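Read through the structure below, which is laid out as structure tokens, and then see the notes.
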Amino acid sequence: EQRLDRYYDRRGINKRREKQHITEIQAALSKSKKASTPEQAISHLQEVQPYLQINSNLGGTVLLELAIALWQRDGVCDEALCGELLGNSHVRRDVQLLLKNGPPPTKRGEDALWQGFSFFDNSNGWWN
């Protein structure tokens with residue numbers, strides 16, 4: 001137990017804080033994936049951002065979703081956030097793909113829905 005705590009401490013992960021708010025974090029992630037616009041996704045994700053640990057699996061996943069939503073909304077990559085996420089072994093590959101391939105496709109129009117991680121699906125040709 002102490003070795004595991006030292007491991008997390010060295011990587012800047014506060015598992016207790018994230019664990020205390022895991023229900024809220026998971027609910028925000030779920031809501032963000034169902035959001036109809038990047039703005040709605042961002043709103044849900046920013047509510048739980050103070051509880052996230054950038055180097056944990058859950059924290060990295062939620063922050064990557066936030067980075068995608070911000071990029072879609074602003075048209076500009078949040079280089080600081082993506083740079084930090086490159087240090088997370090759980091999401092590093094997805095961040096590298098995101099940076100390599102440029103901005104996620106922008107969905108516009110009444111039938112357009114915020115897609116979040118569905119942009120990592122090769123079926124739309126964006127990652128090919």
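The chains in the structure tokens are called A, B, ... from first to last as shown; in each chain the residues are counted from 1, and the ligands are counted from 1 in the order shown.
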Using only C-alpha atoms, find each residue of segment 47-79 of chain A with at least one atom at most 12 Å away from an atom of segment 15-33 of chain A; report its shortest atom-to-atom pair and that distance in Å (one decimal), sort the rows by chain and rising residue number, and return the result as JSON lines.
```
{"residue": "A:Glu47", "atom": "CA", "partner": "A:Ala28", "partner_atom": "CA", "distance": 7.7}
{"residue": "A:Val48", "atom": "CA", "partner": "A:Ile25", "partner_atom": "CA", "distance": 5.8}
{"residue": "A:Gln49", "atom": "CA", "partner": "A:Ile25", "partner_atom": "CA", "distance": 8.4}
{"residue": "A:Pro50", "atom": "CA", "partner": "A:Glu18", "partner_atom": "CA", "distance": 9.1}
{"residue": "A:Tyr51", "atom": "CA", "partner": "A:Glu18", "partner_atom": "CA", "distance": 5.4}
{"residue": "A:Leu52", "atom": "CA", "partner": "A:Glu18", "partner_atom": "CA", "distance": 5.8}
{"residue": "A:Gln53", "atom": "CA", "partner": "A:Glu18", "partner_atom": "CA", "distance": 6.8}
{"residue": "A:Ile54", "atom": "CA", "partner": "A:Glu18", "partner_atom": "CA", "distance": 10.4}
{"residue": "A:Asn55", "atom": "CA", "partner": "A:Lys15", "partner_atom": "CA", "distance": 10.0}
{"residue": "A:Ser56", "atom": "CA", "partner": "A:Lys15", "partner_atom": "CA", "distance": 7.9}
{"residue": "A:Asn57", "atom": "CA", "partner": "A:Lys15", "partner_atom": "CA", "distance": 10.4}
{"residue": "A:Leu58", "atom": "CA", "partner": "A:Ile25", "partner_atom": "CA", "distance": 8.4}
{"residue": "A:Gly59", "atom": "CA", "partner": "A:Glu18", "partner_atom": "CA", "distance": 7.9}
{"residue": "A:Gly60", "atom": "CA", "partner": "A:Leu29", "partner_atom": "CA", "distance": 11.6}
{"residue": "A:Thr61", "atom": "CA", "partner": "A:Leu29", "partner_atom": "CA", "distance": 8.8}
{"residue": "A:Val62", "atom": "CA", "partner": "A:Leu29", "partner_atom": "CA", "distance": 6.3}
{"residue": "A:Leu63", "atom": "CA", "partner": "A:Leu29", "partner_atom": "CA", "distance": 9.6}
{"residue": "A:Leu64", "atom": "CA", "partner": "A:Leu29", "partner_atom": "CA", "distance": 10.7}
{"residue": "A:Glu65", "atom": "CA", "partner": "A:Leu29", "partner_atom": "CA", "distance": 8.0}
{"residue": "A:Leu66", "atom": "CA", "partner": "A:Ser32", "partner_atom": "CA", "distance": 8.8}
{"residue": "A:Ile68", "atom": "CA", "partner": "A:Ser32", "partner_atom": "CA", "distance": 11.2}
{"residue": "A:Ala69", "atom": "CA", "partner": "A:Ser32", "partner_atom": "CA", "distance": 9.1}
```
Task: All helix (DSSP H, G or I) residues (DSSP, backbone) inside segment 31-87 of chain A, as a PyMOL selection string - done: chain A and resi 31-34+38-51+57-74+79-85
TODO: Using only C-alpha atoms, pick whichever of A:Ile13, A:Ala67, A:Ala35, A:Leu4 has the shortest atom-to-atom distance to Val91 of chain A.
DONE: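 The shortest atom-to-atom distance to Val91 of chain A comes from A:Ala67.
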Task: Surrounding residues of Leu70 of chain A excluding itself and chain neighbours under 2 positions, 12 Å, only C-alpha atoms, as a PyMOL selection string - done: chain A and resi 37-43+45-46+63-68+72-79+81-82+103-104+106+114+116
Open item on the list: Just checking: using only C-alpha atoms, which residue out of A:Trp71, A:Arg11, A:Asn101, A:Asp5 ends up closest to Gly87 of chain A?
Closed with: A:Arg11
Open item on the list: Rounded to one decimal, what separation in Å do you get between atom CA of Leu97 of chain A and atom CA of Arg10 of chain A?
Closed with: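 Between atom CA of Leu97 of chain A and atom CA of Arg10 of chain A the gap is 26.8 Å.
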